[in-house]
file input10.txt (compact mmCIF, C-alpha atoms)
# COMPACT_ATOMS: atom_id res chain seq x y z
CA MET A 512 0.00 0.00 0.00
CA LYS A 513 2.74 2.41 1.00
CA ALA A 514 4.82 1.49 -2.05
CA LEU A 515 1.82 2.18 -4.27
CA LEU A 516 1.34 5.59 -2.62
CA ASN A 517 5.02 6.39 -3.09
CA ILE A 518 4.84 5.49 -6.76
CA ALA A 519 1.70 7.62 -7.20
CA VAL A 520 3.32 10.65 -5.49
CA LEU A 521 6.55 10.21 -7.45
CA SER A 522 4.78 9.99 -10.79
CA LEU A 523 2.60 13.01 -9.92
CA THR A 524 5.63 15.14 -9.00
CA GLY A 525 7.44 13.92 -12.11
CA ALA A 526 4.47 14.88 -14.28
CA LEU A 527 4.27 18.30 -12.59
CA GLY A 528 8.00 18.87 -13.18
CA LEU A 529 7.66 17.89 -16.84
CA VAL A 530 4.69 20.23 -17.33
CA LEU A 531 6.62 23.07 -15.66
CA ALA A 532 9.70 22.48 -17.83
CA TRP A 533 7.55 22.25 -20.94
CA SER A 534 5.67 25.48 -20.13
CA ILE A 535 8.95 27.35 -19.50
CA LEU A 536 10.29 26.18 -22.87
CA ASP A 537 6.96 27.10 -24.46
CA LEU A 538 6.93 30.72 -23.20
CA PRO A 539 6.81 33.30 -25.99
CA ALA A 540 9.88 35.50 -26.39
CA SER A 541 9.56 38.72 -24.40
CA ALA A 542 8.26 41.61 -26.51
CA VAL A 543 10.35 44.19 -24.60
CA ARG A 544 14.12 43.81 -24.95
CA LEU A 545 15.15 44.96 -21.48
CA PRO A 546 18.94 44.31 -21.73
CA GLU A 547 19.19 46.49 -24.85
CA GLN A 548 17.22 49.29 -23.17
CA VAL A 549 19.48 49.19 -20.11
CA THR A 550 22.63 49.24 -22.26
CA ALA A 551 21.27 52.17 -24.28
CA GLN A 552 20.55 54.24 -21.15
CA LEU A 553 23.62 53.16 -19.16
CA ASP A 554 25.58 56.36 -19.88
CA MET A 555 22.88 58.45 -18.20
CA SER A 556 22.64 56.30 -15.05
CA GLY A 557 25.80 57.57 -13.31
CA VAL A 558 27.30 54.08 -12.90
CA ALA A 559 29.00 51.73 -15.35
CA HIS A 560 27.59 48.39 -14.11
CA PRO A 561 24.15 47.50 -15.52
CA VAL A 562 22.94 45.65 -12.39
CA THR A 563 23.70 48.62 -10.12
CA ALA A 564 22.14 50.96 -12.68
CA VAL A 565 18.90 48.95 -12.59
CA LEU A 566 18.85 48.53 -8.79
CA LEU A 567 19.68 52.09 -7.79
CA ASN A 568 18.57 54.18 -10.76
CA PHE A 569 16.08 52.68 -13.21
CA ARG A 570 14.23 50.70 -10.53
CA GLY A 571 15.35 52.62 -7.44
CA TYR A 572 11.79 52.51 -6.15
CA ASP A 573 12.03 48.71 -5.67
CA THR A 574 15.25 49.01 -3.67
CA LEU A 575 13.68 51.70 -1.48
CA LEU A 576 10.81 49.36 -0.64
CA GLU A 577 13.23 46.45 -0.08
CA ILE A 578 15.18 48.25 2.64
CA ALA A 579 11.87 49.35 4.19
CA VAL A 580 10.70 45.72 4.31
CA LEU A 581 13.96 44.56 5.95
CA LEU A 582 13.73 47.32 8.56
CA LEU A 583 10.09 46.38 9.24
CA ALA A 584 11.12 42.75 9.75
CA LEU A 585 13.68 43.77 12.35
CA LEU A 586 11.18 46.11 14.06
CA GLY A 587 8.77 43.18 14.25
CA MET A 588 11.43 41.12 16.01
CA LEU A 589 12.18 43.97 18.40
CA ALA A 590 8.49 44.19 19.22
CA LEU A 591 8.32 40.54 20.32
CA PRO A 592 7.93 40.27 24.08
CA ARG A 593 11.29 39.03 25.28
CA GLN A 594 13.05 38.39 28.52
CA ALA A 595 16.78 38.39 28.90
CA SER A 596 18.09 34.95 29.75
CA GLY A 597 19.85 36.55 32.68
CA SER A 598 23.39 35.92 33.79
CA LYS A 599 23.62 32.52 32.16
CA PRO A 600 26.91 32.51 30.24
CA ARG A 601 27.30 31.04 26.78
CA PRO A 602 27.42 27.24 27.07
CA VAL A 603 30.93 26.98 25.65
CA PRO A 604 33.24 29.95 26.23
CA ALA A 605 34.96 30.85 22.99
CA SER A 606 38.55 29.72 22.68
CA PRO A 607 41.33 32.35 22.61
CA MET A 608 42.17 31.05 19.14
CA LEU A 609 38.72 31.99 17.82
CA GLN A 610 38.85 35.36 19.56
CA THR A 611 42.23 36.22 18.02
CA LEU A 612 41.04 35.09 14.60
CA ALA A 613 37.90 37.22 14.93
CA ARG A 614 39.97 40.24 15.95
CA LEU A 615 42.22 39.74 12.92
CA LEU A 616 39.43 39.07 10.45
CA THR A 617 37.03 41.86 11.39
CA PRO A 618 39.11 44.79 10.03
CA LEU A 619 39.67 42.80 6.84
CA MET A 620 35.94 42.17 6.50
CA VAL A 621 35.20 45.88 6.95
CA LEU A 622 37.80 46.59 4.24
CA VAL A 623 36.21 44.01 1.92
CA ALA A 624 32.77 45.54 2.55
CA GLY A 625 34.12 48.97 1.61
CA TYR A 626 35.70 47.58 -1.55
CA VAL A 627 32.57 45.67 -2.59
CA LEU A 628 30.51 48.84 -2.07
CA TRP A 629 32.93 50.92 -4.15
CA ALA A 630 33.25 48.25 -6.85
CA GLY A 631 29.46 48.20 -7.28
CA ALA A 632 29.69 51.25 -9.54
CA HIS A 633 31.54 49.43 -12.32
CA ARG A 634 31.57 45.67 -11.60
CA PRO A 635 29.61 43.08 -9.59
CA GLY A 636 29.17 44.26 -6.02
CA GLY A 637 27.03 46.82 -4.27
CA ALA A 638 25.25 47.69 -1.07
CA PHE A 639 23.53 44.37 -0.35
CA GLN A 640 26.65 42.25 -0.69
CA ALA A 641 28.74 44.75 1.29
CA GLY A 642 26.06 44.86 4.00
CA ALA A 643 26.06 41.07 4.19
CA VAL A 644 29.84 41.05 4.71
CA LEU A 645 29.50 43.63 7.49
CA ALA A 646 26.77 41.56 9.11
CA GLY A 647 29.01 38.50 8.84
CA ALA A 648 31.69 40.38 10.76
CA GLY A 649 29.14 41.24 13.47
CA VAL A 650 27.98 37.64 13.79
CA LEU A 651 31.58 36.41 13.96
CA LEU A 652 32.38 38.87 16.75
CA HIS A 653 29.32 37.74 18.68
CA LEU A 654 30.16 34.05 18.29
CA ALA A 655 33.68 34.77 19.54
CA GLY A 656 32.18 36.40 22.62
CA LEU A 657 33.50 39.87 21.78
CA LEU A 658 30.19 41.55 20.96
CA PRO A 659 27.23 41.37 23.36
CA ALA A 660 23.74 40.65 22.07
CA TRP A 661 21.44 43.60 21.38
CA ALA A 662 18.68 43.04 23.91
CA THR A 663 17.74 46.72 23.91
CA PRO A 664 19.36 48.67 21.09
CA GLY A 665 20.55 52.11 22.17
CA ARG A 666 20.04 55.43 20.44
CA ALA A 667 23.12 55.23 18.18
CA LEU A 668 22.24 51.71 17.07
CA ARG A 669 18.65 52.69 16.27
CA ALA A 670 19.92 55.66 14.27
CA GLY A 671 22.28 53.36 12.34
CA LEU A 672 19.46 50.91 11.60
CA ALA A 673 17.28 53.67 10.16
CA THR A 674 20.00 55.66 8.32
CA GLY A 675 19.74 53.78 5.03
CA LEU A 676 15.99 54.18 4.70
CA LEU A 677 16.04 57.80 5.94
CA VAL A 678 18.80 58.88 3.51
CA PHE A 679 17.04 57.10 0.66
CA ILE A 680 13.71 58.77 1.51
CA ALA A 681 15.41 62.17 1.93
CA VAL A 682 17.00 61.90 -1.53
CA ALA A 683 13.71 60.72 -3.02
CA ALA A 684 11.78 63.57 -1.38
CA THR A 685 14.32 66.17 -2.53
CA LEU A 686 14.12 64.87 -6.08
CA MET A 687 10.34 64.86 -5.79
CA THR A 688 10.44 68.68 -5.75
CA GLN A 689 12.08 68.51 -9.19
CA GLY A 690 9.14 66.57 -10.55
CA THR A 691 9.56 62.79 -10.49
CA LEU A 692 10.31 60.39 -7.67
CA LEU A 693 13.94 59.17 -7.76
CA GLN A 694 14.81 60.64 -11.15
CA TYR A 695 18.41 61.75 -10.62
CA PRO A 696 19.71 64.82 -12.47
CA PRO A 697 22.29 63.39 -14.94
CA GLY A 698 25.34 65.19 -13.51
CA TRP A 699 24.57 64.17 -9.93
CA ALA A 700 23.47 60.59 -10.45
CA GLY A 701 26.82 58.95 -9.62
CA ALA A 702 27.36 60.92 -6.40
CA LEU A 703 23.77 60.45 -5.22
CA ILE A 704 23.90 56.70 -5.86
CA LEU A 705 27.17 56.45 -3.90
CA VAL A 706 25.67 58.34 -0.93
CA ILE A 707 22.58 56.13 -0.94
CA GLU A 708 24.63 52.95 -1.29
CA ALA A 709 27.00 53.88 1.52
CA SER A 710 24.14 54.53 3.96
CA LEU A 711 22.34 51.40 2.73
CA THR A 712 25.47 49.32 3.40
CA LEU A 713 25.70 50.54 6.99
CA SER A 714 22.01 49.96 7.68
CA LEU A 715 21.89 46.61 5.90
CA GLY A 716 24.90 45.38 7.85
CA LEU A 717 23.26 46.40 11.13
CA ILE A 718 19.83 45.02 10.16
CA LEU A 719 21.15 41.65 8.95
CA ALA A 720 23.38 41.34 12.02
CA GLY A 721 20.41 42.47 14.13
CA LEU A 722 18.24 39.62 12.85
CA TYR A 723 20.88 37.44 14.49
CA LEU A 724 21.91 39.47 17.53
CA VAL A 725 18.55 40.75 18.76
CA LEU A 726 17.30 37.33 19.77
CA ALA A 727 20.71 35.80 20.48
CA ASP A 728 20.64 35.82 24.26
CA SER A 729 17.00 36.18 25.04
CA LYS A 730 14.12 33.79 25.30
CA VAL A 731 11.03 34.60 23.27
CA GLN A 732 7.94 34.22 25.39
CA ALA A 733 5.54 31.86 23.74
CA MET B 1051 30.14 20.84 -19.97
CA ILE B 1052 31.25 17.97 -17.74
CA PHE B 1053 31.78 20.46 -14.90
CA ASP B 1054 28.25 21.84 -15.38
CA LEU B 1055 26.71 18.38 -15.33
CA LEU B 1056 28.67 17.47 -12.19
CA LEU B 1057 27.60 20.74 -10.60
CA ALA B 1058 23.92 20.13 -11.39
CA ALA B 1059 24.16 16.58 -10.03
CA ALA B 1060 25.90 17.78 -6.85
CA LEU B 1061 23.23 20.48 -6.38
CA LEU B 1062 20.40 17.97 -6.64
CA TRP B 1063 22.24 15.47 -4.40
CA SER B 1064 22.95 18.02 -1.66
CA ALA B 1065 19.36 19.33 -1.80
CA VAL B 1066 17.88 15.83 -1.43
CA GLN B 1067 20.37 14.93 1.34
CA ALA B 1068 19.69 18.16 3.25
CA LEU B 1069 15.95 17.51 3.14
CA THR B 1070 16.02 13.82 4.03
CA THR B 1071 18.81 13.45 6.59
CA PRO B 1072 17.47 12.92 10.13
CA ASP B 1073 20.49 14.62 11.76
CA LEU B 1074 19.86 18.38 12.08
CA PHE B 1075 23.53 19.35 12.18
CA ARG B 1076 24.23 17.33 9.04
CA ALA B 1077 21.26 18.97 7.34
CA VAL B 1078 22.58 22.47 8.12
CA VAL B 1079 26.05 21.63 6.82
CA LEU B 1080 24.51 20.21 3.66
CA PHE B 1081 22.42 23.38 3.33
CA ILE B 1082 25.62 25.48 3.44
CA VAL B 1083 27.22 23.16 0.87
CA PHE B 1084 24.14 23.59 -1.30
CA GLY B 1085 24.39 27.39 -0.98
CA LEU B 1086 28.05 27.43 -2.03
CA LEU B 1087 27.36 25.11 -4.98
CA MET B 1088 24.44 27.35 -5.93
CA ALA B 1089 26.77 30.37 -5.89
CA LEU B 1090 29.09 28.47 -8.26
CA ALA B 1091 26.12 27.72 -10.51
CA TRP B 1092 25.15 31.40 -10.61
CA ALA B 1093 28.73 32.30 -11.49
CA ARG B 1094 28.65 29.72 -14.30
CA LEU B 1095 25.41 31.30 -15.54
CA ASP B 1096 27.23 34.67 -15.89
CA ALA B 1097 25.36 36.22 -12.95
CA PRO B 1098 28.23 37.22 -10.60
CA ASP B 1099 26.01 39.67 -8.67
CA ILE B 1100 23.61 36.93 -7.65
CA ALA B 1101 26.55 34.59 -6.96
CA LEU B 1102 28.00 37.12 -4.50
CA ALA B 1103 24.65 37.61 -2.76
CA GLU B 1104 24.02 33.85 -2.60
CA ALA B 1105 27.45 33.12 -1.11
CA ALA B 1106 27.23 35.94 1.46
CA ILE B 1107 23.56 35.74 2.48
CA GLY B 1108 22.39 32.28 1.40
CA ALA B 1109 25.36 30.23 2.53
CA GLY B 1110 27.11 32.52 5.03
CA LEU B 1111 24.53 34.35 7.11
CA SER B 1112 21.66 31.83 6.88
CA GLY B 1113 24.10 29.01 7.56
CA ALA B 1114 25.41 30.73 10.69
CA LEU B 1115 21.84 31.42 11.85
CA LEU B 1116 20.82 27.78 11.35
CA LEU B 1117 23.97 26.48 13.09
CA ASP B 1118 23.22 28.73 16.06
CA ALA B 1119 19.63 27.47 16.13
CA VAL B 1120 20.87 23.85 16.19
CA GLY B 1121 23.17 24.75 19.09
CA HIS B 1122 20.27 26.28 21.04
CA LEU B 1123 18.10 23.22 20.38
CA ARG B 1124 20.84 20.88 21.62
CA GLN B 1125 21.31 22.96 24.74
CA LYS B 1126 17.60 22.89 25.44
CA ARG B 1127 17.46 19.14 24.96
CA ARG B 1128 20.39 18.69 27.36
CA GLU B 1129 18.65 20.84 30.00
CA ARG B 1130 15.48 18.80 29.71
CA SER B 1131 17.16 15.40 30.05
CA PRO B 1132 20.30 15.79 32.16
call {"tool": "encode", "arguments": {"input": "input10.txt", "output": "structure tokens"}}
result
Amino acid sequence: MKALLNIAVLSLTGALGLVLAWSILDLPASAVRLPEQVTAQLDMSGVAHPVTAVLLNFRGYDTLLEIAVLLLALLGMLALPRQASGSKPRPVPASPMLQTLARLLTPLMVLVAGYVLWAGAHRPGGAFQAGAVLAGAGVLLHLAGLLPAWATPGRALRAGLATGLLVFIAVAATLMTQGTLLQYPPGWAGALILVIEASLTLSLGLILAGLYLVLADSKVQA
Amino acid sequence: MIFDLLLAAALLWSAVQALTTPDLFRAVVLFIVFGLLMALAWARLDAPDIALAEAAIGAGLSGALLLDAVGHLRQKRRERSP
């Protein structure tokens, strides 16, 4: 009986996979040639890498909403009723080896984040990847016992979490007075994108690390 | 070509293993392996931006989060049955 059921489920999933593959192959070619359009407009975008141009210029609106969603997710976690687990130390104290390694690696990771952010203008890279590297450094420091968990984030930390979204909204609102939301003036596009990306990197690093550090040492009340 | 086929096979294998293994720790390690292989696949598909994001967020941060969760679960289990 069970073997029969297994065979039925397997053949159903196989059929579904085949239909999916067939429908993807059967899709009509897109009527709008997006890559050509991006390449044609690339000179006006202020950056030389098409992906960054799309994320921060042509579709900047999407990125603005993305950072807002991430910040909302973290705010939701902060709003959970929590209680600190008290004076209970970490189960295994980190070895001096790990602590030394973390101390050595963290400046390098900050350097890499800065490079990835800067490289985003003309090659693969950008704010999200740089923010992830920063967050990785934060998590590493916490695991090595060098960075306490953020049970109640202070004023500076809250400001850092919100900087990315606030700078982005400020730029958008300023440009709004010129007519259109997030339409950069051609001469300023590169500088504005760099400012937005730098603040996004800081906030993304803090938010992604926060998803890890906020709940690290506390028990969520069921 | 051979590399691509091997990569696709390894992706499928690690995905199936991560989903079916009963050991949580093993599953998390396999998930990280899957993320790194996926980053390689994105790089092979000429999408280095997505490869970077996958390696940093998919394999790195999510992997660390899941490992920490496994650690917490183990600790809780130890407290319950000393």
call {"tool": "closest_residue", "arguments": {"input": "input10.txt", "among": "A:Gly571, A:Gly525, A:Gly649, A:Pro561", "to": "A:Val682", "atoms": "all atoms listed in the file"}}
result
A:Gly571
call {"tool": "closest_residue", "arguments": {"input": "input10.txt", "among": "A:His633, A:Arg570, A:Arg669, A:Arg614", "to": "chain B", "atoms": "all atoms listed in the file"}}
result
A:His633
call {"tool": "closest_atom_pairs", "arguments": {"input": "input10.txt", "of": "chain A", "to": "chain B", "cutoff": "12 Å", "atoms": "all atoms listed in the file", "output": "tab-separated table"}}
result
residue	atom	partner	partner_atom	distance
A:His560	CA	B:Asp1099	CA	10.4
A:Pro561	CA	B:Asp1099	CA	10.6
A:Val562	CA	B:Asp1099	CA	7.7
A:Thr563	CA	B:Asp1099	CA	9.4
A:Leu566	CA	B:Asp1099	CA	11.4
A:Arg601	CA	B:His1122	CA	10.2
A:Pro602	CA	B:Gln1125	CA	7.8
A:Val603	CA	B:Gly1121	CA	10.4
A:Met620	CA	B:Ala1106	CA	11.8
A:Ala624	CA	B:Ala1106	CA	11.1
A:Val627	CA	B:Leu1102	CA	9.9
A:Ala630	CA	B:Asp1099	CA	11.4
A:Gly631	CA	B:Asp1099	CA	9.3
A:His633	CA	B:Asp1099	CA	11.8
A:Arg634	CA	B:Asp1099	CA	8.7
A:Pro635	CA	B:Asp1099	CA	5.0
A:Gly636	CA	B:Asp1099	CA	6.2
A:Gly637	CA	B:Asp1099	CA	8.5
A:Ala638	CA	B:Ala1103	CA	10.2
A:Phe639	CA	B:Ala1103	CA	7.3
A:Gln640	CA	B:Ala1103	CA	5.5
A:Ala641	CA	B:Ala1106	CA	8.9
A:Gly642	CA	B:Ala1106	CA	9.3
A:Ala643	CA	B:Ala1106	CA	5.9
A:Val644	CA	B:Ala1106	CA	6.6
A:Leu645	CA	B:Ala1106	CA	10.0
A:Ala646	CA	B:Leu1111	CA	7.8
A:Gly647	CA	B:Leu1111	CA	6.3
A:Ala648	CA	B:Leu1111	CA	10.0
A:Gly649	CA	B:Leu1111	CA	10.4
A:Val650	CA	B:Ala1114	CA	8.0
A:Leu651	CA	B:Ala1114	CA	9.0
A:His653	CA	B:Asp1118	CA	11.2
A:Leu654	CA	B:Asp1118	CA	9.0
A:Leu715	CA	B:Ile1107	CA	11.5
A:Gly716	CA	B:Leu1111	CA	11.1
A:Leu719	CA	B:Leu1111	CA	8.3
A:Ala720	CA	B:Leu1111	CA	8.6
A:Gly721	CA	B:Leu1115	CA	11.4
A:Leu722	CA	B:Leu1115	CA	9.0
A:Tyr723	CA	B:Leu1115	CA	6.6
A:Leu724	CA	B:Leu1115	CA	9.9
A:Leu726	CA	B:Ala1119	CA	10.8
A:Ala727	CA	B:Asp1118	CA	8.7
A:Asp728	CA	B:His1122	CA	10.1
A:Ser729	CA	B:His1122	CA	11.2
A:Lys730	CA	B:His1122	CA	10.6
call {"tool": "residues_around", "arguments": {"input": "input10.txt", "residues": "B:Val1120", "least_positions_apart": "4", "cutoff": "7 Å", "atoms": "all atoms listed in the file", "output": "count of residues only"}}
result
4
call {"tool": "atom_distance", "arguments": {"input": "input10.txt", "atom1": "atom CA of A:Leu612", "atom2": "atom CA of B:Ala1109"}}
result
20.4 Å
call {"tool": "atom_distance", "arguments": {"input": "input10.txt", "atom1": "atom CA of A:Met588", "atom2": "atom CA of A:Ile718"}}
result
11.0 Å
call {"tool": "residues_around", "arguments": {"input": "input10.txt", "residues": "B:Phe1084", "least_positions_apart": "4", "cutoff": "8 Å", "atoms": "all atoms listed in the file", "output": "list in words"}}
result
Leu1061, Ser1064, Ala1065, Leu1080, Met1088 and Ala1109 of chain B
call {"tool": "atom_distance", "arguments": {"input": "input10.txt", "atom1": "atom CA of A:Leu686", "atom2": "atom CA of A:Gly625"}}
result
26.7 Å
call {"tool": "closest_residue", "arguments": {"input": "input10.txt", "among": "A:Met687, A:Leu628, A:Ala590, A:Ala584", "to": "A:Ile707", "atoms": "only C-alpha atoms"}}
result
A:Leu628
